[in-house]
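Quick notes on the structure that follows.
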Amino acid sequence: MDILSLFVIVPIITVIALGFSKGLKQSRIVALAGMLVQLGMSINLIFAYLKERAVNDDIMVFVKDIMWFEQFNIHYSVGVDAISVVMIALTAVIVVAGIFISWMVDDLPKEFFISLIILSTGVFGFFISLDLFTMFVFYEIAVIPMYLLIGIWGSGPRENSAMKLTLMLMGASAVLSVGIFGIYFNSNIGTDGPLTFNILEIAQVNIPEAAQNLFFPMVFIGFATLGALFPFHTWSPSGHASAPTAVSMLHAGVLMKLGGYGVFRVAMYLLPIGAINWSDFFLVLASIGVVYGALGAIMQKDLKYINAYASVSHLGLVLFALLMFNKTAWNGAIIQSLSHGLLTAMFFALIGMVYGRTHTRDVAKLGGIMKVLPFIGAIYVITGLAYLGLPGFSGFVAEMNIFVGSFQHDDTFHRILTILAVSSIVVTAVYILRMVGKIMMGPLSNPEYANLPKATWYEKVGLVMLLIPVVIIGVMPFGLGEMLKESIEPFLERLL
Amino acid sequence: MNLESFLLMRYEIGLLAVILLLIVFEIFLNKKHKGSLIDIAIVLFTIHTIIGFLPLADGSIFGGMFKTNALLHFFKSTLNVGVLILLLQSADWLKEKVVQQNKSTEFFILLFSSLLGMYYMISSGDFLMFYIGLELATLPVAALVAYETFKQDSAEAGVKFILSSALASGTALLGVSFLYATTGTIYFDAMAEVLTMSNLSILGFIFFFSGLAFKISLVPFHFWTADVYEGAPISIASFLSVISKGAAVIILMIILFTVMKPLMPVWIKVIYMVSIATMFLGNIFALRQKNMKRFLAYSSIAQAGFILLGFLSNDQLGYTTIIYFVAIYIFSNLGAFGVVQAISLATGKENMDDYEGLYRTNPKLSLVMMLALFSLAGIPPLAGFFGKFFLYTAAASQGYYLLVFIAVVNATISLYYYLLVIRAMFLRKNENAIPFFKSQPYMRLGLLLASIGILVIGMYSPIYEYIYSISNSFLN
Amino acid sequence: MDFSYTILIPLIPLALFVILGIFSKKIPASISGWMGSIGLGVTFVLSYYAAYQYYLNGKVNGVYQPFIYKYNWMNFTDKLHIDMGVLIDPISVMMLVVVSTISFMVHLYSRGYMKGDDGYTRFFAYLALFSFSMFGLVLATNLFQIYIFWELVGASSFLLIGYYYTKPSAVSAAKKAFIVTRFADFGFLVGILIIGYYTGTWDFQELNNPEGSVITNWASTSFMGLSVLTWALILIFMGGAGKSAMLPFHIWLPDAMEGPTPVSALIHAATMVVAGVYLVARLFPMYYFIEDGFALQVVAYVGAISSLFAAIIALTQNDIKRVLAFSTMSQIGYMMLALGVSGYHGHDGLGFMASMFHLFTHAMFKGLLFLAAGSVIHAIHSNYLQDMGGLRKYMPITHITFLIAALSISGVPFFAGFFSKDEILTAAYENNILIYISSVFVAGLTAFYMFRLYFGIFWGKDKEYEHTPHESPMSMTIPMMFLAFMSIAGGYIHFSKYISPDHMPFEAHLNYYLAAIASTVGLIGIVLAFIFYKKENNLSERFSHAFGIFYKWTYNKFYFDEIYLFVTKKIIFGLVAKPSAWFDKNVVDASMIGIGNVTESFSYKIKGMQSGKFQDYAMGFISGGVVIAIVVFYLWIN
Amino acid sequence: MIEGISIYEILTLSSIVFFVGVYGFFTRENLITVLMSIELILNASALNFVIINTYLYPDFLQGAVFSIFIIAMAAAETALAIAIIINLYKLVASVEVKDTEKLKY
């Protein structure tokens, strides 16, 4: 068995094992065991990758290719570069943390963990796929469990939120599929070879400009909807608000990253001319998203809504950076994906903990929680500071890469948008501090809160697991940046 | 003519033997043991199905009126498996409701006759055989639709079905007569050689097409579908929606790609329009349905619209995807209908609202339903996804990106209403949920087979490759 | 010479922060206080040792040489990268001394001041974090490193202002401080980006080299009539102005006094707030040479105006910490204007030197003022002047040290402030007479409001105290005494020997003529304060009535807070954020939902098609066929 | 082949019969008369086959044979339809079209 396919097989085995387990205690242990194996493998993968990279100059390493549907030339084809490796690690961390956070899920625990792990299977599969078809399959596998996860274990208007989320994302994937067909049927232009879904092979041909112009927006919107591109972001706030904690974590932390990753891996790599021709248009949308999401977050009253709009803003920055077409910005985009994934997951976990204890997420009703829950409060403040881009945390590294990269364009259009995007750091500070200040600090808003139970061990483990990589990236960005840049290079070359 | 050439009709002869044996059993079986007829029928049909998988030569008999080839063998076997699953799913219903009325043998005879008609219809080599097969496939079903003689709905559905289908076959016949007028022959091969594009032939095609479109329930020839499904017994609705529709799709494919080949520029346009209309209307009507049978009726209308995408690709890719999708569709729809059947049988409830909270009481049934619906909606890794994806590919291969776009939008709409059922079963909690019940072994086996089909056909690519390898065979 | 040990100066507080932060629950208060103090004591010693070593032996051919130890932290592009490292040059060493002194003293002082507080360990953790950040800022080798630590000091300032986090006013002050400075940092960051793009480097050595390509090529790209580098410098100064509470970003500083008083002393008087000054000083060659010092003019005027503005406001405030805060702002304005009027070579660099000198002395006496004020507040549990009076009897050490500091800030001869302020006035006089006049006026105002405080607190009538005030414990008074010593002795250091823009020592002489004017003005201020406030009388009230509206404006700090509130609440929240939230809900989201609703209602609209009457179905069947036929023939014929 | 009458007249006739049948199908309110209309439609087709065979392709009897089968099928269809209608009559005591409108939408 090759090292990558295990990332799909282990979750599947876990799901099967979960099928046979009974009750909360068994199922959470099974889920945790499976995902800890996954986490161990993903850490191992980082080192294996570094070792392999030293001797292997291919764009992708650990490539494994099995013919699947011969007539369509569909392969089960996997391989990774640095970007997928770090994304996989991110996913594994968040999934494990998510399991810790849902340690006490009471309703249908087995089904909960099954859905969660199926979702993560989709995500893992997506990150290792080199074949557009396989990638698309995993993409949809990742989206669908969301419906059940939000619908069954969610809160508030969960049914409508789940429906909106699923339909918008599947609608986006529908648009994406048209784009994929467009790529597929142009994949042998100039060569006499068969049509192919393989990303690396398609990258060898130059799809005609007219086709690129037609299909780029489809592929881009298809992926970017998942990355909360304005104005296709509205599934995200309500979806997040209704989702149970671990799902919000996984969703904002990982699933939304599929968007940026797909844009990078598919849209821009395979349709470079289209990307360049459309970049201005989408850049405007992404910049609007950055500022607009931040402004939207200021006005929200529900903690999860705040965070959801913050995600719109931060992921807008990812798309924004990707559209800048240079190494620094792309490096920033990827680090931002990682950083945002971890931080949002932390935020959602914290919100979940607060909500689980106080049964409200209304900013106006909360206050002074830090006094009662010092650990949660402290982590909340740290997360907030990290989120607004404080040096020493991953967010800073990401944002600075993005800003410096974006600043390499010296025309007025890019300058204005860049400065607009930079201004979001101020607005981010406003809403983050408003939230932190209101709910964690200040006098205790409700005397009943004085006896809230303290953070439990599994909550602490979950949070600390997420915090560690945030700090590591923030303090020691050098290795990560170099590792990523090497992998970015071949993708960037297509655009230049 | 010799025995060997008769053996080309092995399926037909086998099925006929089953029918005759059943009549014999009916005559000689003690009245008290009439219930065991069901088991006998199932066993006999299983044997027939298994024999069907044995290899068989290609060929044609009766001067080309009856043709057979690898594709048809495959498809007949697929229909057999479908009918077998259907029988398994309806065995309990027969035992509980029909045996008392002493009508179970008729049920099998009518059902198998209809299947026999389909065999002949898809194997036909001229319009006469086609017509006879079509009528043989349709008329017993009409009787079956009205089978629950004590129910007004059933009778009403029967009336609607028989009258509408008579109109449809009348129209189709008029079309055939026009085609006959332009070419002077009713043989497929001969007609294909001399058919040219002319006003009369086009008119003939359109009339003929409307007759078949009625069977596939394509918009605007679909109106009967929902009413008949709702009124008919669930097994029959299921039969209409999977077996009957599947057979009609195949013969439509054969006729369009062989006989009507000269008219291709015309029928491509017709298929294009009808496909869009069918997808949209089917979906939009399905949105607000509360009755599960009606719901599945509209959903199957919409699915038919997707199938048409495969017709746009005039090559092996197109044929393969059509057959592949039909096979997948049969399993998926049987899964859905099977669950509806099981619940209806246990509780008499057929409305979506009654399904609320079903997962908490009957998790396995709900899971089968979910698999079936997600397969219909085209969610990976279930078979329906592969079927739909390849249909899109077929259409896109000819550059019909706009149509593919419309189709994927429709797939999203369809996801909405499939999710409504999922919502009722999984998301809702209900005090008065359908209590836990245990289905009979036949039903469980039927659902299991359908689920396996849903899970395996898509991911296991050799099935697709096999279909691909035989899909060309009907052309010669 | 090897200065690599200076890397320990930031690292010791960092280690302290990590240990105290993680184990804040486990470590008893008594130990954490000592840990912090000893740790900072070590940095204090190291800093003084570094200063000793550097100022005595750091010269080669009469020029102070920079010593740089750095490693590559993050690469952006081929050229642009961030280094983390240590830059030892005259001003950074001077800042090390300032920061470590004040920080050490504040640590010592806090052991007494914070005694019995719940978050004692947390407090020392924050202090350690701040010290780390500030040292990092001071020692930065490049612009981006400064920015990184700049943000970190902002964050630690946020944490420390909001230390009493259950108090809403503290929380909102903390938020305000962070957001206002963050807004200013936005400018700073854009400035950094501009510099990075147009010069390809952030390294101070390359940027500041007067013969280097950066400075000589300043005119190569221009934007709206000015060199882009000038814009960058102005934007960078915006960041500096934010941190240093210059107009119009000063509004956070008075509110920041919500933090514990030692914090005010450390951060909001002595060290962090002068970061802006340090930043301009750091980039001084750029400011001076690019576009003939246009950006430096901006610095000068902003400094002068802020200085005057703050001094006027300070006259009327009743919260003693706020008076000190405005005083700080005013003094930093001094430092800024001194930089602004400075030249580069030789004696022209007097302003630069004076600014650094004043930074040094100001840190000592302002730190002391805050510590003394803290001592007073500690004793009577109030910040307000009305609640104080006659305390000299109860708190002799506080009284004396406060007096020394007040004399020093007022520019009374032989105290440290006299020397540094005099150099500033001299530099201003030589360059810009308008700024000079304003500065002299400010000197008078300073003396007046400082002695208003002094007399208000220590003289006048005894107030009714709940319990008799008593002198603070030794842990608090010893640091005060040390700073009092420095507030006198600091003036006698020959700064021009050590610090100059071009790193070449020069001789600066006291201009007795100007010194006499300044001293006289200061004394007039003191005398006026004596008349007004020595004894209880109604003079001050009569005067405030006489000034009427102007008094009211001053008392309300010229309504700056209200203007900001209006802009943020009404314009940004009300006219931008709220509408965009509304737009999102009612247009973007509604249109997505609308698509679904329209489809569904369409479904209900057309349900009549399925009328239930099979004859209608037949009609549909036939007419459908006819329509297809019509369309096909239409299409086919075309 | 009838002297003096061309294929057009007969085809016109069959078309008229077809559309009379269709019209009848649309408008009759009694199920039995609807069934009769269907007979007209089927007869029109049968007529077409015979006429086309006779006038255009007299060499083979394909059309004529076809028409015989049509007649047979029509009979079967009618028998079945009547049976179902009778069953309906047993249930609702009516053979009116309006009594078959329960299932809709």
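Going through the structure tokens in order, the chains are called A, B, and so on, while each chain numbers its residues from 1 and the ligands are numbered from 1 in the order shown.
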Taking only C-alpha atoms into account and nothing else, which residues of chain B lie no more than 9 Å away from chain A? Please answer as a ChimeraX atom specification. /B:317,360,379-381,385,389-390,392-393,396-397,399,401-402,404-405,407-409,411-413,415-416,419-420,422-423,426-428,459-462,464-465,468
* To do: as a VMD selection string, please: all residues of chain D that backbone DSSP puts in alpha helix (DSSP H).
  => chain D and resid 7 to 27 31 to 55 62 to 92
Query - chain A contacts on chain C, only C-alpha atoms, 9 Å, as a ChimeraX atom specification - result: /C:72-77,80,147-149,151-152,155,162,164-172,174-175,178-180,182-187,189-190,193-194,196-197,572-573,576-582,584-585,588-589,592-593
Set the distance at 12 Å and use only C-alpha atoms: which residues neighbour Asn451 of chain A once local chain neighbours fewer than 2 positions away are removed? I'd like the list as an NGL selection string. :A and (357-358 or 369 or 371-373 or 444 or 446-449 or 453-454)
Do me a favour and pick out the residues of chain D within 8 Å of chain B, using only C-alpha atoms, as a PyMOL selection string. chain D and resi 35+38+41-42+44-45+48-49+52-53+56-57+62-63+66+69+73+77+80-81+84-85+87-88+91-92+100-104
For the residues in that selection, give me C-alpha atoms as a tab-separated table (two decimals), in the first residue's frame.
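out00.tsv, written as the output of this step:
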chain	number	residue	atom	x	y	z
D	35	LEU	CA	-62.67	4.73	-25.99
D	38	ILE	CA	-59.40	5.91	-29.65
D	41	ILE	CA	-57.36	7.09	-34.07
D	42	LEU	CA	-56.20	3.52	-34.42
D	44	ALA	CA	-56.92	6.09	-39.09
D	45	SER	CA	-53.48	4.55	-38.69
D	48	ASN	CA	-53.02	4.69	-43.65
D	49	PHE	CA	-51.05	1.46	-43.71
D	52	ILE	CA	-49.94	3.32	-48.52
D	53	ASN	CA	-49.36	-0.32	-49.16
D	56	LEU	CA	-47.33	3.16	-53.18
D	57	TYR	CA	-45.75	-0.18	-52.44
D	62	GLN	CA	-46.23	-5.24	-45.10
D	63	GLY	CA	-48.75	-2.46	-44.59
D	66	PHE	CA	-49.54	-4.34	-40.08
D	69	PHE	CA	-52.25	-6.53	-36.22
D	73	MET	CA	-54.31	-4.93	-30.79
D	77	GLU	CA	-56.83	-2.73	-25.85
D	80	LEU	CA	-58.89	-4.32	-21.33
D	81	ALA	CA	-60.02	-0.73	-21.19
D	84	ILE	CA	-60.96	-1.40	-16.18
D	85	ILE	CA	-63.83	0.99	-16.80
D	87	ASN	CA	-64.18	-1.94	-12.42
D	88	LEU	CA	-64.25	1.80	-12.00
D	91	LEU	CA	-66.41	1.53	-7.38
D	92	VAL	CA	-67.90	4.92	-8.22
D	100	THR	CA	-61.43	10.21	-12.81
D	101	GLU	CA	-59.90	13.43	-11.55
D	102	LYS	CA	-59.01	12.45	-8.04
D	103	LEU	CA	-55.33	12.07	-8.67
D	104	LYS	CA	-53.81	15.34	-9.66
Review point. For the atom pair atom CA of Ile202 of chain B and atom CA of Leu263 of chain B, what is the interatomic distance in Å to one decimal place?
Key: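 Distance between the two atoms: 7.3 Å.
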Select from chain D every residue with an atom at most 10 Å from any atom of chain C, then for each give the shortest pair of atoms and their distance in Å to one decimal, using only C-alpha atoms, rows by chain and rising number, as CSV.
residue,atom,partner,partner_atom,distance
D:Val22,CA,C:Ile622,CA,8.4
D:Tyr23,CA,C:Met619,CA,9.2
D:Gly24,CA,C:Gln615,CA,9.7
D:Phe25,CA,C:Gln615,CA,6.6
D:Phe26,CA,C:Gln615,CA,5.0
D:Thr27,CA,C:Gln615,CA,7.3
D:Arg28,CA,C:Gln615,CA,8.7
D:Glu29,CA,C:Gln615,CA,9.3
D:Val34,CA,C:Gln615,CA,9.1
D:Val97,CA,C:Lys613,CA,7.4
D:Lys98,CA,C:Lys613,CA,7.3
D:Asp99,CA,C:Lys613,CA,9.1
D:Thr100,CA,C:Lys613,CA,6.9
D:Glu101,CA,C:Gly612,CA,4.6
D:Lys102,CA,C:Gly612,CA,6.5
D:Leu103,CA,C:Gly612,CA,5.5
D:Lys104,CA,C:Gly612,CA,4.0
D:Tyr105,CA,C:Gln610,CA,4.8
| query | Nearest to Ser487 of chain C among C:Met388, C:Leu403, C:Ala269, C:Ala29, with distances taken over only C-alpha atoms: which residue is it? | reply |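 Using only C-alpha atoms, the shortest distance to Ser487 of chain C belongs to C:Leu403.
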| Given a cut-off of 7 Å, which residues of chain C touch chain B, counting only C-alpha atoms, written out as a PyMOL selection string? | chain C and resi 600+603+610+614+617-618+620-621+624-625+628-629+632+636
Item to check | Contacts of Ile376 of chain A within 10 Å, only C-alpha atoms, excl. fewer than 6 positions in-chain, as a ChimeraX atom specification | outcome: /A:349-351,353-354,369-370,382,440,454-455,459-460,463
Tyr120 of chain C proximity check over C:Gly58, C:Leu14, C:Gly36, C:Lys176, using only C-alpha atoms: winner is C:Gly36
**Study point:** Who sits within 6 Å of segment 56-72 of chain B, only C-alpha atoms, same chain under 3 positions skipped, as number ranges by chain
**Key:** B: 75-76, 123-126, 470-471
Checklist entry - Skipping near chain neighbours, those fewer than 6 positions away, what residues fall within 9 Å of segment 418-425 of chain C using only C-alpha atoms, listed as a PyMOL selection string? => result chain C and resi 334-335+337-339+350-362+407-412+435-437+439-440+443+491-492+508-511+514-515+518-519
Please produce an output containing N, CA, C and O atoms for each residue in the selection, written as a short mmCIF file (atom, residue, chain, number, x, y, z; two decimals), in the first residue's frame.
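Result written to result.cif:
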data_model
loop_
_atom_site.label_atom_id
_atom_site.label_comp_id
_atom_site.auth_asym_id
_atom_site.auth_seq_id
_atom_site.Cartn_x
_atom_site.Cartn_y
_atom_site.Cartn_z
N TYR C 334 7.89 67.49 21.96
CA TYR C 334 9.21 68.12 22.01
C TYR C 334 10.25 67.31 21.26
O TYR C 334 11.02 67.82 20.46
N MET C 335 10.25 66.02 21.61
CA MET C 335 11.28 65.18 21.01
C MET C 335 11.11 65.14 19.50
O MET C 335 12.07 65.20 18.74
N LEU C 337 9.71 67.38 17.57
CA LEU C 337 10.06 68.63 16.90
C LEU C 337 11.57 68.80 16.89
O LEU C 337 12.12 69.35 15.93
N ALA C 338 12.21 68.29 17.93
CA ALA C 338 13.67 68.38 17.94
C ALA C 338 14.25 67.60 16.78
O ALA C 338 15.16 68.07 16.08
N LEU C 339 13.72 66.41 16.56
CA LEU C 339 14.18 65.64 15.40
C LEU C 339 13.88 66.40 14.13
O LEU C 339 14.68 66.47 13.20
N LEU C 350 22.40 68.77 16.36
CA LEU C 350 22.04 69.04 17.75
C LEU C 350 20.63 68.59 18.08
O LEU C 350 20.38 68.00 19.12
N GLY C 351 19.70 68.87 17.18
CA GLY C 351 18.30 68.52 17.42
C GLY C 351 18.16 67.04 17.66
O GLY C 351 17.46 66.58 18.57
N PHE C 352 18.83 66.26 16.82
CA PHE C 352 18.78 64.81 16.95
C PHE C 352 19.28 64.39 18.32
O PHE C 352 18.63 63.63 19.05
N MET C 353 20.44 64.92 18.62
CA MET C 353 21.03 64.58 19.90
C MET C 353 20.10 65.01 21.04
O MET C 353 19.84 64.25 21.98
N ALA C 354 19.54 66.23 20.92
CA ALA C 354 18.69 66.76 21.98
C ALA C 354 17.46 65.90 22.16
O ALA C 354 17.02 65.64 23.28
N SER C 355 16.95 65.45 21.04
CA SER C 355 15.76 64.62 21.11
C SER C 355 16.05 63.35 21.89
O SER C 355 15.28 62.95 22.79
N MET C 356 17.17 62.71 21.57
CA MET C 356 17.53 61.49 22.28
C MET C 356 17.82 61.77 23.75
O MET C 356 17.46 61.00 24.64
N PHE C 357 18.45 62.89 23.95
CA PHE C 357 18.78 63.29 25.31
C PHE C 357 17.50 63.48 26.12
O PHE C 357 17.33 62.97 27.22
N HIS C 358 16.56 64.19 25.49
CA HIS C 358 15.31 64.44 26.18
C HIS C 358 14.54 63.16 26.40
O HIS C 358 13.90 62.97 27.43
N LEU C 359 14.64 62.27 25.41
CA LEU C 359 14.01 60.96 25.57
C LEU C 359 14.53 60.29 26.83
O LEU C 359 13.77 59.74 27.63
N PHE C 360 15.82 60.36 26.96
CA PHE C 360 16.47 59.73 28.11
C PHE C 360 16.02 60.36 29.43
O PHE C 360 15.52 59.70 30.34
N THR C 361 16.18 61.65 29.51
CA THR C 361 15.85 62.30 30.78
C THR C 361 14.35 62.21 31.05
O THR C 361 13.92 61.99 32.17
N HIS C 362 13.58 62.37 30.00
CA HIS C 362 12.13 62.30 30.16
C HIS C 362 11.71 60.94 30.71
O HIS C 362 10.83 60.84 31.56
N LEU C 407 10.50 69.46 39.10
CA LEU C 407 11.50 70.49 38.80
C LEU C 407 12.25 70.14 37.53
O LEU C 407 12.55 70.99 36.70
N SER C 408 12.52 68.86 37.40
CA SER C 408 13.26 68.43 36.24
C SER C 408 12.46 68.68 34.97
O SER C 408 12.96 69.22 33.99
N ILE C 409 11.20 68.31 34.98
CA ILE C 409 10.40 68.47 33.76
C ILE C 409 10.15 69.94 33.47
O ILE C 409 10.03 70.35 32.32
N SER C 410 10.11 70.74 34.52
CA SER C 410 9.84 72.16 34.30
C SER C 410 11.06 72.89 33.77
O SER C 410 10.98 74.07 33.44
N GLY C 411 12.16 72.23 33.70
CA GLY C 411 13.36 72.85 33.14
C GLY C 411 14.04 73.79 34.11
O GLY C 411 14.63 74.78 33.69
N VAL C 412 13.96 73.49 35.37
CA VAL C 412 14.67 74.31 36.35
C VAL C 412 16.15 73.97 36.30
O VAL C 412 16.49 72.79 36.22
N ILE C 435 8.56 77.52 15.68
CA ILE C 435 8.52 76.35 16.55
C ILE C 435 9.19 76.69 17.88
O ILE C 435 8.75 76.27 18.95
N TYR C 436 10.22 77.48 17.79
CA TYR C 436 10.92 77.86 19.02
C TYR C 436 9.97 78.58 19.96
O TYR C 436 9.88 78.26 21.15
N ILE C 437 9.26 79.57 19.44
CA ILE C 437 8.38 80.36 20.30
C ILE C 437 7.33 79.47 20.94
O ILE C 437 7.07 79.50 22.14
N SER C 439 7.56 76.38 21.50
CA SER C 439 8.18 75.48 22.47
C SER C 439 8.43 76.18 23.79
O SER C 439 8.24 75.58 24.86
N VAL C 440 8.84 77.39 23.69
CA VAL C 440 9.08 78.12 24.94
C VAL C 440 7.77 78.29 25.70
O VAL C 440 7.71 78.10 26.92
N ALA C 443 7.01 75.23 27.40
CA ALA C 443 7.83 75.04 28.60
C ALA C 443 7.17 75.73 29.79
O ALA C 443 7.10 75.17 30.89
N GLY C 491 21.15 64.61 33.56
CA GLY C 491 21.42 65.83 32.81
C GLY C 491 22.89 66.09 32.59
O GLY C 491 23.27 66.87 31.72
N TYR C 492 23.71 65.45 33.38
CA TYR C 492 25.13 65.77 33.29
C TYR C 492 25.89 64.83 32.37
O TYR C 492 27.10 64.92 32.24
N ALA C 508 28.59 70.01 22.08
CA ALA C 508 27.43 70.88 22.18
C ALA C 508 27.59 71.73 23.43
O ALA C 508 27.90 71.22 24.50
N HIS C 509 27.43 73.01 23.26
CA HIS C 509 27.57 73.90 24.41
C HIS C 509 26.23 74.46 24.80
O HIS C 509 25.35 74.65 23.96
N LEU C 510 26.12 74.71 26.06
CA LEU C 510 24.91 75.34 26.55
C LEU C 510 24.85 76.77 26.04
O LEU C 510 25.80 77.52 26.13
N ASN C 511 23.70 77.10 25.45
CA ASN C 511 23.50 78.48 25.03
C ASN C 511 22.85 79.23 26.19
O ASN C 511 21.66 79.11 26.44
N LEU C 514 19.68 81.49 25.66
CA LEU C 514 18.41 80.78 25.49
C LEU C 514 18.02 80.06 26.77
O LEU C 514 16.84 80.01 27.13
N ALA C 515 19.04 79.51 27.45
CA ALA C 515 18.74 78.79 28.69
C ALA C 515 18.10 79.71 29.71
O ALA C 515 17.16 79.31 30.41
N ALA C 518 14.42 80.21 28.80
CA ALA C 518 13.61 79.03 29.11
C ALA C 518 13.41 78.87 30.60
O ALA C 518 12.31 78.62 31.08
N SER C 519 14.49 79.06 31.33
CA SER C 519 14.38 78.91 32.78
C SER C 519 13.43 79.95 33.35
O SER C 519 12.61 79.64 34.23
#
Quick one: residues within 8 Å of Thr321 of chain B, only C-alpha atoms, excluding same-chain residues fewer than 5 positions away - as a list in words?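 Listed by chain and then number, they are Gly310, Gly387, Phe390, Leu391 and Ala394 of chain B.
Remark: for Val318 of chain A, the closest of the candidate residues A:Ile221, A:Leu388, A:Ala17, A:Ala421 is A:Ala421 (distances computed over only C-alpha atoms).
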